[in-house]
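K.L.:
The file below is entry.txt, compact mmCIF, N, CA and C atoms:
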# COMPACT_ATOMS: atom_id res chain seq x y z
N MET A 1 -22.19 38.56 -8.44
CA MET A 1 -22.64 38.60 -7.08
C MET A 1 -22.18 37.33 -6.36
N ARG A 2 -21.57 37.50 -5.21
CA ARG A 2 -21.09 36.37 -4.41
C ARG A 2 -22.23 35.78 -3.60
N ARG A 3 -22.37 34.46 -3.68
CA ARG A 3 -23.41 33.77 -2.91
C ARG A 3 -22.74 32.89 -1.87
N LYS A 4 -23.29 32.86 -0.69
CA LYS A 4 -22.74 32.03 0.38
C LYS A 4 -23.60 30.78 0.49
N LEU A 5 -23.23 29.77 -0.28
CA LEU A 5 -23.96 28.51 -0.30
C LEU A 5 -23.21 27.48 0.54
N THR A 6 -23.95 26.66 1.23
CA THR A 6 -23.32 25.56 1.96
C THR A 6 -23.22 24.35 1.03
N PHE A 7 -22.40 23.39 1.43
CA PHE A 7 -22.32 22.16 0.64
C PHE A 7 -23.68 21.45 0.63
N ALA A 8 -24.42 21.54 1.73
CA ALA A 8 -25.74 20.90 1.80
C ALA A 8 -26.70 21.54 0.79
N GLU A 9 -26.66 22.86 0.67
CA GLU A 9 -27.52 23.54 -0.30
C GLU A 9 -27.16 23.18 -1.73
N ILE A 10 -25.86 23.14 -2.01
CA ILE A 10 -25.41 22.76 -3.35
C ILE A 10 -25.77 21.31 -3.63
N ALA A 11 -25.59 20.45 -2.63
CA ALA A 11 -25.91 19.02 -2.78
C ALA A 11 -27.38 18.82 -3.10
N ARG A 12 -28.25 19.55 -2.43
CA ARG A 12 -29.69 19.43 -2.72
C ARG A 12 -29.97 19.80 -4.17
N HIS A 13 -29.31 20.85 -4.65
CA HIS A 13 -29.51 21.28 -6.04
C HIS A 13 -29.01 20.21 -7.02
N LEU A 14 -27.87 19.59 -6.69
CA LEU A 14 -27.29 18.57 -7.57
C LEU A 14 -27.92 17.19 -7.37
N LYS A 15 -28.69 17.04 -6.28
CA LYS A 15 -29.27 15.74 -5.91
C LYS A 15 -28.20 14.71 -5.60
N HIS A 16 -27.20 15.17 -4.82
CA HIS A 16 -26.12 14.32 -4.33
C HIS A 16 -26.01 14.50 -2.82
N ASP A 17 -25.26 13.64 -2.16
CA ASP A 17 -24.97 13.77 -0.75
C ASP A 17 -24.02 14.95 -0.54
N GLU A 18 -24.09 15.59 0.62
CA GLU A 18 -23.24 16.76 0.85
C GLU A 18 -21.76 16.40 0.95
N VAL A 19 -21.42 15.19 1.43
CA VAL A 19 -20.01 14.81 1.49
C VAL A 19 -19.45 14.63 0.08
N TRP A 20 -20.22 13.99 -0.80
CA TRP A 20 -19.78 13.84 -2.19
C TRP A 20 -19.61 15.22 -2.83
N THR A 21 -20.54 16.11 -2.55
CA THR A 21 -20.49 17.46 -3.12
C THR A 21 -19.25 18.20 -2.63
N ALA A 22 -18.95 18.11 -1.35
CA ALA A 22 -17.73 18.74 -0.83
C ALA A 22 -16.50 18.12 -1.49
N ALA A 23 -16.50 16.81 -1.66
CA ALA A 23 -15.38 16.13 -2.32
C ALA A 23 -15.20 16.65 -3.74
N LEU A 24 -16.28 16.96 -4.41
CA LEU A 24 -16.21 17.53 -5.75
C LEU A 24 -15.43 18.84 -5.74
N PHE A 25 -15.73 19.71 -4.78
CA PHE A 25 -15.06 21.00 -4.69
C PHE A 25 -13.60 20.88 -4.27
N TYR A 26 -13.23 19.79 -3.62
CA TYR A 26 -11.84 19.56 -3.23
C TYR A 26 -11.09 18.72 -4.26
N GLY A 27 -11.70 18.50 -5.41
CA GLY A 27 -11.02 17.76 -6.47
C GLY A 27 -10.91 16.28 -6.22
N ARG A 28 -11.82 15.72 -5.43
CA ARG A 28 -11.76 14.30 -5.10
C ARG A 28 -12.94 13.50 -5.63
N ALA A 29 -13.75 14.13 -6.46
CA ALA A 29 -14.88 13.44 -7.11
C ALA A 29 -15.01 14.00 -8.53
N THR A 30 -15.62 13.22 -9.39
CA THR A 30 -15.77 13.61 -10.80
C THR A 30 -17.23 13.90 -11.11
N PRO A 31 -17.52 15.10 -11.60
CA PRO A 31 -18.91 15.42 -11.93
C PRO A 31 -19.31 14.86 -13.29
N THR A 32 -20.59 14.56 -13.43
CA THR A 32 -21.12 14.19 -14.74
C THR A 32 -21.42 15.49 -15.50
N HIS A 33 -21.74 15.36 -16.76
CA HIS A 33 -22.11 16.54 -17.53
C HIS A 33 -23.36 17.19 -16.93
N LYS A 34 -24.29 16.36 -16.46
CA LYS A 34 -25.50 16.87 -15.81
C LYS A 34 -25.14 17.66 -14.55
N ASP A 35 -24.21 17.14 -13.75
CA ASP A 35 -23.76 17.85 -12.55
C ASP A 35 -23.20 19.22 -12.91
N ILE A 36 -22.39 19.25 -13.96
CA ILE A 36 -21.77 20.51 -14.39
C ILE A 36 -22.84 21.50 -14.83
N ARG A 37 -23.83 21.04 -15.60
CA ARG A 37 -24.92 21.93 -16.04
C ARG A 37 -25.67 22.50 -14.84
N GLN A 38 -26.01 21.64 -13.88
CA GLN A 38 -26.76 22.09 -12.71
C GLN A 38 -25.93 23.04 -11.85
N LEU A 39 -24.65 22.76 -11.72
CA LEU A 39 -23.76 23.62 -10.94
C LEU A 39 -23.59 24.97 -11.62
N ALA A 40 -23.46 24.96 -12.92
CA ALA A 40 -23.34 26.21 -13.68
C ALA A 40 -24.59 27.06 -13.48
N GLU A 41 -25.74 26.43 -13.53
CA GLU A 41 -27.00 27.14 -13.31
C GLU A 41 -27.05 27.75 -11.92
N LEU A 42 -26.69 26.97 -10.91
CA LEU A 42 -26.74 27.43 -9.53
C LEU A 42 -25.76 28.57 -9.27
N LEU A 43 -24.58 28.47 -9.84
CA LEU A 43 -23.52 29.46 -9.58
C LEU A 43 -23.49 30.60 -10.60
N SER A 44 -24.42 30.58 -11.54
CA SER A 44 -24.48 31.60 -12.60
C SER A 44 -23.17 31.69 -13.38
N LEU A 45 -22.67 30.51 -13.75
CA LEU A 45 -21.46 30.40 -14.56
C LEU A 45 -21.82 29.69 -15.86
N SER A 46 -20.96 29.83 -16.85
CA SER A 46 -21.22 29.12 -18.10
C SER A 46 -20.82 27.65 -17.95
N VAL A 47 -21.56 26.80 -18.62
CA VAL A 47 -21.25 25.37 -18.63
C VAL A 47 -19.85 25.15 -19.18
N GLU A 48 -19.50 25.89 -20.22
CA GLU A 48 -18.18 25.75 -20.85
C GLU A 48 -17.06 26.08 -19.87
N THR A 49 -17.25 27.13 -19.08
CA THR A 49 -16.23 27.51 -18.09
C THR A 49 -16.01 26.39 -17.08
N LEU A 50 -17.11 25.85 -16.54
CA LEU A 50 -16.97 24.77 -15.56
C LEU A 50 -16.39 23.51 -16.17
N GLU A 51 -16.82 23.16 -17.38
CA GLU A 51 -16.26 21.97 -18.03
C GLU A 51 -14.76 22.13 -18.20
N GLU A 52 -14.32 23.30 -18.63
CA GLU A 52 -12.89 23.54 -18.81
C GLU A 52 -12.16 23.49 -17.47
N ASP A 53 -12.76 24.06 -16.44
CA ASP A 53 -12.13 24.04 -15.12
C ASP A 53 -11.94 22.60 -14.62
N PHE A 54 -12.98 21.78 -14.75
CA PHE A 54 -12.86 20.40 -14.30
C PHE A 54 -11.90 19.61 -15.17
N ARG A 55 -11.90 19.86 -16.49
CA ARG A 55 -10.99 19.17 -17.40
C ARG A 55 -9.54 19.54 -17.10
N SER A 56 -9.28 20.82 -16.90
CA SER A 56 -7.90 21.27 -16.66
C SER A 56 -7.39 20.86 -15.28
N ALA A 57 -8.31 20.60 -14.34
CA ALA A 57 -7.91 20.16 -13.01
C ALA A 57 -7.37 18.73 -13.02
N GLY A 58 -7.69 17.98 -14.07
CA GLY A 58 -7.21 16.61 -14.17
C GLY A 58 -8.08 15.65 -13.38
N PRO A 59 -7.64 14.40 -13.30
CA PRO A 59 -8.44 13.40 -12.58
C PRO A 59 -8.49 13.71 -11.09
N PRO A 60 -9.48 13.18 -10.39
CA PRO A 60 -9.59 13.42 -8.95
C PRO A 60 -8.34 12.97 -8.19
N VAL A 61 -7.99 13.71 -7.16
CA VAL A 61 -6.86 13.38 -6.30
C VAL A 61 -7.28 12.26 -5.37
N ARG A 62 -6.51 11.19 -5.32
CA ARG A 62 -6.86 10.07 -4.43
C ARG A 62 -5.85 9.89 -3.30
N ASP A 63 -4.75 10.64 -3.31
CA ASP A 63 -3.74 10.55 -2.26
C ASP A 63 -4.25 11.26 -1.02
N VAL A 64 -4.19 10.60 0.13
CA VAL A 64 -4.67 11.22 1.36
C VAL A 64 -3.56 11.35 2.40
N GLY A 65 -2.32 11.24 1.98
CA GLY A 65 -1.20 11.26 2.92
C GLY A 65 -1.00 12.57 3.65
N HIS A 66 -1.42 13.68 3.10
CA HIS A 66 -1.15 14.98 3.69
C HIS A 66 -2.17 15.42 4.74
N VAL A 67 -3.13 14.61 5.10
CA VAL A 67 -4.20 15.02 6.01
C VAL A 67 -3.96 14.60 7.46
N ALA A 68 -2.83 14.00 7.76
CA ALA A 68 -2.58 13.44 9.09
C ALA A 68 -2.71 14.46 10.22
N HIS A 69 -2.38 15.73 9.98
CA HIS A 69 -2.39 16.74 11.04
C HIS A 69 -3.67 17.57 11.05
N ASP A 70 -4.61 17.27 10.20
CA ASP A 70 -5.88 17.99 10.18
C ASP A 70 -6.65 17.65 11.46
N PRO A 71 -7.24 18.65 12.13
CA PRO A 71 -7.91 18.38 13.42
C PRO A 71 -9.19 17.56 13.33
N ILE A 72 -9.70 17.33 12.14
CA ILE A 72 -10.86 16.46 11.99
C ILE A 72 -10.45 15.16 11.33
N VAL A 73 -9.73 15.24 10.23
CA VAL A 73 -9.36 14.03 9.49
C VAL A 73 -8.33 13.20 10.24
N GLY A 74 -7.38 13.84 10.90
CA GLY A 74 -6.35 13.10 11.65
C GLY A 74 -6.95 12.18 12.70
N PRO A 75 -7.83 12.71 13.59
CA PRO A 75 -8.45 11.82 14.58
C PRO A 75 -9.32 10.72 13.96
N LEU A 76 -9.99 11.02 12.84
CA LEU A 76 -10.75 9.96 12.17
C LEU A 76 -9.82 8.85 11.71
N ARG A 77 -8.71 9.25 11.12
CA ARG A 77 -7.72 8.28 10.66
C ARG A 77 -7.17 7.47 11.85
N ASP A 78 -6.85 8.17 12.95
CA ASP A 78 -6.34 7.49 14.14
C ASP A 78 -7.37 6.52 14.71
N THR A 79 -8.63 6.93 14.73
CA THR A 79 -9.70 6.07 15.24
C THR A 79 -9.83 4.81 14.41
N LEU A 80 -9.81 4.97 13.09
CA LEU A 80 -9.88 3.78 12.23
C LEU A 80 -8.68 2.88 12.44
N ALA A 81 -7.50 3.48 12.57
CA ALA A 81 -6.29 2.67 12.80
C ALA A 81 -6.38 1.93 14.13
N LEU A 82 -6.86 2.62 15.17
CA LEU A 82 -6.96 2.02 16.49
C LEU A 82 -7.94 0.84 16.50
N TYR A 83 -9.09 1.02 15.88
CA TYR A 83 -10.13 0.01 15.93
C TYR A 83 -10.14 -0.93 14.72
N ALA A 84 -9.24 -0.74 13.78
CA ALA A 84 -9.23 -1.54 12.55
C ALA A 84 -9.25 -3.05 12.80
N PRO A 85 -8.38 -3.58 13.68
CA PRO A 85 -8.43 -5.03 13.90
C PRO A 85 -9.78 -5.51 14.44
N ALA A 86 -10.37 -4.73 15.35
CA ALA A 86 -11.66 -5.11 15.91
C ALA A 86 -12.76 -5.00 14.85
N ILE A 87 -12.73 -3.93 14.09
CA ILE A 87 -13.73 -3.74 13.03
C ILE A 87 -13.64 -4.89 12.04
N ARG A 88 -12.40 -5.23 11.64
CA ARG A 88 -12.21 -6.32 10.68
C ARG A 88 -12.77 -7.63 11.22
N SER A 89 -12.48 -7.92 12.48
CA SER A 89 -12.97 -9.18 13.08
C SER A 89 -14.48 -9.24 13.09
N VAL A 90 -15.13 -8.15 13.46
CA VAL A 90 -16.59 -8.12 13.51
C VAL A 90 -17.18 -8.24 12.11
N VAL A 91 -16.56 -7.56 11.14
CA VAL A 91 -17.05 -7.65 9.76
C VAL A 91 -16.93 -9.09 9.26
N VAL A 92 -15.80 -9.73 9.49
CA VAL A 92 -15.60 -11.11 9.02
C VAL A 92 -16.58 -12.05 9.72
N GLU A 93 -16.82 -11.85 11.02
CA GLU A 93 -17.79 -12.68 11.73
C GLU A 93 -19.18 -12.55 11.14
N ASN A 94 -19.55 -11.32 10.76
CA ASN A 94 -20.90 -11.06 10.26
C ASN A 94 -21.07 -11.25 8.76
N MET A 95 -20.02 -11.03 8.00
CA MET A 95 -20.14 -11.02 6.54
C MET A 95 -19.31 -12.10 5.85
N GLY A 96 -18.40 -12.73 6.56
CA GLY A 96 -17.48 -13.67 5.93
C GLY A 96 -16.23 -12.91 5.49
N ASP A 97 -15.18 -13.64 5.17
CA ASP A 97 -13.91 -13.01 4.78
C ASP A 97 -14.06 -12.35 3.42
N GLY A 98 -13.65 -11.11 3.33
CA GLY A 98 -13.81 -10.38 2.07
C GLY A 98 -13.11 -9.05 2.10
N ALA A 99 -13.58 -8.14 1.26
CA ALA A 99 -12.95 -6.83 1.13
C ALA A 99 -14.02 -5.75 0.94
N ILE A 100 -13.73 -4.59 1.47
CA ILE A 100 -14.58 -3.42 1.28
C ILE A 100 -14.08 -2.69 0.04
N SER A 101 -14.99 -2.25 -0.78
CA SER A 101 -14.64 -1.56 -2.02
C SER A 101 -14.62 -0.04 -1.81
N ALA A 102 -13.43 0.54 -1.76
CA ALA A 102 -13.32 2.00 -1.56
C ALA A 102 -14.04 2.80 -2.64
N PRO A 103 -13.93 2.44 -3.93
CA PRO A 103 -14.65 3.23 -4.94
C PRO A 103 -16.17 3.19 -4.79
N HIS A 104 -16.70 2.21 -4.06
CA HIS A 104 -18.14 2.11 -3.87
C HIS A 104 -18.60 2.67 -2.52
N THR A 105 -17.70 3.33 -1.78
CA THR A 105 -18.03 3.81 -0.45
C THR A 105 -18.79 5.12 -0.49
N LYS A 106 -19.85 5.18 0.30
CA LYS A 106 -20.62 6.41 0.51
C LYS A 106 -20.36 6.85 1.94
N VAL A 107 -20.25 8.15 2.17
CA VAL A 107 -19.99 8.68 3.50
C VAL A 107 -21.11 9.66 3.85
N HIS A 108 -21.67 9.50 5.04
CA HIS A 108 -22.70 10.40 5.52
C HIS A 108 -22.25 10.97 6.86
N VAL A 109 -22.45 12.26 7.06
CA VAL A 109 -22.09 12.92 8.32
C VAL A 109 -23.36 13.50 8.93
N GLU A 110 -23.55 13.23 10.21
CA GLU A 110 -24.74 13.72 10.91
C GLU A 110 -24.34 14.34 12.24
N ARG A 111 -25.05 15.37 12.62
CA ARG A 111 -24.88 15.98 13.94
C ARG A 111 -25.78 15.22 14.91
N VAL A 112 -25.25 14.89 16.09
CA VAL A 112 -26.00 14.16 17.10
C VAL A 112 -26.06 15.01 18.36
N GLU A 113 -27.25 15.44 18.74
CA GLU A 113 -27.43 16.23 19.96
C GLU A 113 -27.53 15.28 21.14
N ASN A 114 -26.79 15.57 22.19
CA ASN A 114 -26.84 14.71 23.38
C ASN A 114 -26.83 15.55 24.67
N GLY A 115 -27.66 16.54 24.70
CA GLY A 115 -27.72 17.38 25.90
C GLY A 115 -26.88 18.63 25.74
N ARG A 116 -25.83 18.74 26.53
CA ARG A 116 -24.99 19.95 26.51
C ARG A 116 -24.09 20.04 25.29
N ASN A 117 -23.67 18.92 24.77
CA ASN A 117 -22.71 18.90 23.67
C ASN A 117 -23.33 18.36 22.40
N SER A 118 -22.64 18.59 21.32
CA SER A 118 -23.02 17.96 20.06
C SER A 118 -21.94 16.96 19.70
N ASP A 119 -22.36 15.82 19.24
CA ASP A 119 -21.42 14.81 18.75
C ASP A 119 -21.61 14.70 17.25
N ILE A 120 -20.78 13.86 16.67
CA ILE A 120 -20.86 13.66 15.23
C ILE A 120 -20.96 12.16 14.96
N ARG A 121 -21.75 11.82 13.98
CA ARG A 121 -21.86 10.43 13.54
C ARG A 121 -21.38 10.39 12.10
N VAL A 122 -20.41 9.54 11.84
CA VAL A 122 -19.89 9.34 10.49
C VAL A 122 -20.24 7.91 10.09
N VAL A 123 -20.99 7.77 9.01
CA VAL A 123 -21.42 6.46 8.55
C VAL A 123 -20.73 6.17 7.23
N LEU A 124 -20.06 5.03 7.17
CA LEU A 124 -19.43 4.57 5.93
C LEU A 124 -20.26 3.40 5.42
N GLU A 125 -20.68 3.49 4.20
CA GLU A 125 -21.49 2.42 3.58
C GLU A 125 -20.80 2.03 2.29
N SER A 126 -20.50 0.74 2.15
CA SER A 126 -19.73 0.31 0.99
C SER A 126 -20.15 -1.07 0.52
N LYS A 127 -19.76 -1.35 -0.68
CA LYS A 127 -19.94 -2.70 -1.24
C LYS A 127 -18.96 -3.63 -0.54
N TYR A 128 -19.41 -4.82 -0.21
CA TYR A 128 -18.56 -5.81 0.43
C TYR A 128 -18.52 -7.04 -0.48
N VAL A 129 -17.33 -7.45 -0.82
CA VAL A 129 -17.13 -8.57 -1.73
C VAL A 129 -16.40 -9.68 -0.99
N GLN A 130 -17.02 -10.85 -0.93
CA GLN A 130 -16.37 -11.97 -0.27
C GLN A 130 -15.27 -12.56 -1.17
N TYR A 131 -14.21 -13.01 -0.50
CA TYR A 131 -13.16 -13.69 -1.25
C TYR A 131 -13.68 -15.02 -1.75
N GLN A 132 -13.24 -15.40 -2.93
CA GLN A 132 -13.69 -16.66 -3.54
C GLN A 132 -12.78 -17.80 -3.15
N SER A 133 -13.33 -18.97 -3.15
CA SER A 133 -12.57 -20.20 -2.97
C SER A 133 -12.53 -20.91 -4.31
N TRP A 134 -11.44 -21.61 -4.57
CA TRP A 134 -11.36 -22.39 -5.81
C TRP A 134 -10.55 -23.61 -5.61
Show me this structure written as structure tokens.
P.N.:
Amino acid sequence: MRRKLTFAEIARHLKHDEVWTAALFYGRATPTHKDIRQLAELLSLSVETLEEDFRSAGPPVRDVGHVAHDPIVGPLRDTLALYAPAIRSVVVENMGDGAISAPHTKVHVERVENGRNSDIRVVLESKYVQYQSW
């Protein structure tokens, strides 16, 4: 039987954020054995089938070069590129000179109602490591 589950519904079952859960389905995140068991239960699949599927898919894809023309990802990328120097300056002013850790980044997406239209809020939360002096 085909079930129409949203990423948010699956995420609640897995006890993960919906963006991480969507990344899992796009081959950009790695599930734990517990995640696989819970997903198998939710989707009425065998644990062995899912483990084999994730194993045969290989490591998560980290290349993002092909998303430039996507109507959602492209503008996000353009926005970050446009504001990157300003964002960097503000971060350095507030946090000191350092680096953001991509592997430690969490992404949250929220719908924002503002009258006639809906906007979107994308929050990036990451570990920040200051450069050392020696």
K.L.:
Between atom C of Asp119 (chain A) and CA of Ala23 (chain A), what is the spacing in Å?
P.N.:
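Distance between the two atoms: 20.6 Å.
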K.L.:
Enter the distance from CA of Thr30 (chain A) to CA of Pro60 (chain A), in Å, rounded to one decimal.
P.N.:
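Rounded to one decimal, the two atoms are 6.5 Å apart.
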K.L.:
Report, in Å with one decimal, the straight-line distance from atom C of Gln130 (chain A) to atom N of Arg28 (chain A).
P.N.:
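Between these atoms lies a distance of 28.8 Å.
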K.L.:
So, with only N, CA and C atoms as the atoms that count, which of A:Ala22, A:Val61, A:Leu124, A:Val129 lies closest to Met95 (chain A)?
P.N.:
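Closest candidate: A:Val129.
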K.L.:
Using all atoms listed in the file, which protein or nucleic acid residues come within 8 Å of region 99-113 of chain A? Drop anything in the same chain fewer than 3 positions from it, and give the result as a CSV table (one decimal) with N, CA and C atoms, in the coordinates of the input.
P.N.:
chain,number,residue,atom,x,y,z
A,17,ASP,N,-25.3,13.6,-2.2
A,17,ASP,CA,-25.0,13.8,-0.8
A,17,ASP,C,-24.0,15.0,-0.5
A,18,GLU,N,-24.1,15.6,0.6
A,18,GLU,CA,-23.2,16.8,0.8
A,18,GLU,C,-21.8,16.4,1.0
A,19,VAL,N,-21.4,15.2,1.4
A,19,VAL,CA,-20.0,14.8,1.5
A,19,VAL,C,-19.4,14.6,0.1
A,20,TRP,N,-20.2,14.0,-0.8
A,20,TRP,CA,-19.8,13.8,-2.2
A,20,TRP,C,-19.6,15.2,-2.8
A,96,GLY,N,-18.4,-12.7,6.6
A,96,GLY,CA,-17.5,-13.7,5.9
A,96,GLY,C,-16.2,-12.9,5.5
A,116,ARG,N,-25.8,18.7,26.5
A,116,ARG,CA,-25.0,20.0,26.5
A,116,ARG,C,-24.1,20.0,25.3
A,117,ASN,N,-23.7,18.9,24.8
A,117,ASN,CA,-22.7,18.9,23.7
A,117,ASN,C,-23.3,18.4,22.4
A,118,SER,N,-22.6,18.6,21.3
A,118,SER,CA,-23.0,18.0,20.1
A,118,SER,C,-21.9,17.0,19.7
A,119,ASP,N,-22.4,15.8,19.2
A,119,ASP,CA,-21.4,14.8,18.8
A,119,ASP,C,-21.6,14.7,17.2
A,120,ILE,N,-20.8,13.9,16.7
A,120,ILE,CA,-20.9,13.7,15.2
A,120,ILE,C,-21.0,12.2,15.0
A,121,ARG,N,-21.8,11.8,14.0
A,121,ARG,CA,-21.9,10.4,13.5
A,121,ARG,C,-21.4,10.4,12.1
A,122,VAL,N,-20.4,9.5,11.8
A,122,VAL,CA,-19.9,9.3,10.5
A,122,VAL,C,-20.2,7.9,10.1
A,123,VAL,N,-21.0,7.8,9.0
A,123,VAL,CA,-21.4,6.5,8.6
A,123,VAL,C,-20.7,6.2,7.2
A,124,LEU,N,-20.1,5.0,7.2
A,124,LEU,CA,-19.4,4.6,5.9
A,124,LEU,C,-20.3,3.4,5.4
A,125,GLU,N,-20.7,3.5,4.2
A,125,GLU,CA,-21.5,2.4,3.6
A,125,GLU,C,-20.8,2.0,2.3
A,126,SER,N,-20.5,0.7,2.2
A,126,SER,CA,-19.7,0.3,1.0
A,126,SER,C,-20.2,-1.1,0.5
A,127,LYS,N,-19.8,-1.4,-0.7
A,127,LYS,CA,-19.9,-2.7,-1.2
A,127,LYS,C,-19.0,-3.6,-0.5
A,128,TYR,N,-19.4,-4.8,-0.2
A,128,TYR,CA,-18.6,-5.8,0.4
A,128,TYR,C,-18.5,-7.0,-0.5
A,129,VAL,N,-17.3,-7.4,-0.8
A,129,VAL,CA,-17.1,-8.6,-1.7
A,129,VAL,C,-16.4,-9.7,-1.0
A,130,GLN,N,-17.0,-10.8,-0.9
A,130,GLN,CA,-16.4,-12.0,-0.3
A,130,GLN,C,-15.3,-12.6,-1.2
A,131,TYR,N,-14.2,-13.0,-0.5
A,131,TYR,CA,-13.2,-13.7,-1.2
A,131,TYR,C,-13.7,-15.0,-1.8
K.L.:
Extract the full set of strand (DSSP E or B) residues from chain A according to DSSP on the backbone, and format it as a PyMOL selection string.
P.N.:
chain A and resi 98-100+106-113+118-125+128-130
K.L.:
As a count of residues only, please: every residue in region 31-102 of chain A that a backbone DSSP assignment puts in helix (DSSP H, G or I).
P.N.:
49
K.L.:
Using all heavy atoms, give me region 86-93 of chain A from the structure I just pasted, as a PDB file, in the first residue's frame.
P.N.:
ATOM      1  N   ALA A  86      29.261  40.766   3.554  1.00  0.00           N
ATOM      2  CA  ALA A  86      28.629  41.445   4.675  1.00  0.00           C
ATOM      3  C   ALA A  86      28.404  40.476   5.837  1.00  0.00           C
ATOM      4  O   ALA A  86      28.655  40.823   7.001  1.00  0.00           O
ATOM      5  CB  ALA A  86      27.307  42.063   4.229  1.00  0.00           C
ATOM      6  N   ILE A  87      27.941  39.286   5.526  1.00  0.00           N
ATOM      7  CA  ILE A  87      27.716  38.274   6.566  1.00  0.00           C
ATOM      8  C   ILE A  87      29.027  37.975   7.275  1.00  0.00           C
ATOM      9  O   ILE A  87      29.104  37.932   8.500  1.00  0.00           O
ATOM     10  CB  ILE A  87      27.098  36.989   5.965  1.00  0.00           C
ATOM     11  CG1 ILE A  87      25.674  37.267   5.490  1.00  0.00           C
ATOM     12  CG2 ILE A  87      27.122  35.854   6.982  1.00  0.00           C
ATOM     13  CD1 ILE A  87      25.087  36.146   4.639  1.00  0.00           C
ATOM     14  N   ARG A  88      30.096  37.789   6.477  1.00  0.00           N
ATOM     15  CA  ARG A  88      31.401  37.487   7.069  1.00  0.00           C
ATOM     16  C   ARG A  88      31.858  38.603   8.001  1.00  0.00           C
ATOM     17  O   ARG A  88      32.332  38.352   9.109  1.00  0.00           O
ATOM     18  CB  ARG A  88      32.446  37.250   5.984  1.00  0.00           C
ATOM     19  CG  ARG A  88      33.771  36.811   6.577  1.00  0.00           C
ATOM     20  CD  ARG A  88      34.865  36.677   5.532  1.00  0.00           C
ATOM     21  NE  ARG A  88      36.004  35.944   6.030  1.00  0.00           N
ATOM     22  CZ  ARG A  88      36.780  36.312   7.058  1.00  0.00           C
ATOM     23  NH1 ARG A  88      36.516  37.401   7.732  1.00  0.00           N
ATOM     24  NH2 ARG A  88      37.802  35.570   7.429  1.00  0.00           N
ATOM     25  N   SER A  89      31.703  39.847   7.561  1.00  0.00           N
ATOM     26  CA  SER A  89      32.125  40.983   8.392  1.00  0.00           C
ATOM     27  C   SER A  89      31.364  41.030   9.703  1.00  0.00           C
ATOM     28  O   SER A  89      31.953  41.257  10.768  1.00  0.00           O
ATOM     29  CB  SER A  89      31.926  42.292   7.630  1.00  0.00           C
ATOM     30  OG  SER A  89      32.815  42.349   6.539  1.00  0.00           O
ATOM     31  N   VAL A  90      30.058  40.824   9.655  1.00  0.00           N
ATOM     32  CA  VAL A  90      29.247  40.858  10.866  1.00  0.00           C
ATOM     33  C   VAL A  90      29.611  39.697  11.791  1.00  0.00           C
ATOM     34  O   VAL A  90      29.723  39.869  13.010  1.00  0.00           O
ATOM     35  CB  VAL A  90      27.739  40.860  10.518  1.00  0.00           C
ATOM     36  CG1 VAL A  90      26.885  40.675  11.755  1.00  0.00           C
ATOM     37  CG2 VAL A  90      27.374  42.145   9.786  1.00  0.00           C
ATOM     38  N   VAL A  91      29.831  38.519  11.214  1.00  0.00           N
ATOM     39  CA  VAL A  91      30.215  37.358  12.030  1.00  0.00           C
ATOM     40  C   VAL A  91      31.553  37.629  12.718  1.00  0.00           C
ATOM     41  O   VAL A  91      31.705  37.393  13.919  1.00  0.00           O
ATOM     42  CB  VAL A  91      30.281  36.061  11.182  1.00  0.00           C
ATOM     43  CG1 VAL A  91      30.958  34.938  11.959  1.00  0.00           C
ATOM     44  CG2 VAL A  91      28.891  35.643  10.743  1.00  0.00           C
ATOM     45  N   VAL A  92      32.529  38.142  11.993  1.00  0.00           N
ATOM     46  CA  VAL A  92      33.849  38.413  12.573  1.00  0.00           C
ATOM     47  C   VAL A  92      33.741  39.487  13.657  1.00  0.00           C
ATOM     48  O   VAL A  92      34.366  39.372  14.712  1.00  0.00           O
ATOM     49  CB  VAL A  92      34.871  38.795  11.477  1.00  0.00           C
ATOM     50  CG1 VAL A  92      36.153  39.329  12.097  1.00  0.00           C
ATOM     51  CG2 VAL A  92      35.158  37.599  10.590  1.00  0.00           C
ATOM     52  N   GLU A  93      32.922  40.522  13.422  1.00  0.00           N
ATOM     53  CA  GLU A  93      32.732  41.554  14.443  1.00  0.00           C
ATOM     54  C   GLU A  93      32.144  40.974  15.723  1.00  0.00           C
ATOM     55  O   GLU A  93      32.506  41.387  16.823  1.00  0.00           O
ATOM     56  CB  GLU A  93      31.801  42.653  13.936  1.00  0.00           C
ATOM     57  CG  GLU A  93      32.461  43.651  13.041  1.00  0.00           C
ATOM     58  CD  GLU A  93      31.503  44.757  12.612  1.00  0.00           C
ATOM     59  OE1 GLU A  93      30.339  44.791  13.084  1.00  0.00           O
ATOM     60  OE2 GLU A  93      31.919  45.587  11.787  1.00  0.00           O
TER      61      GLU A  93
END
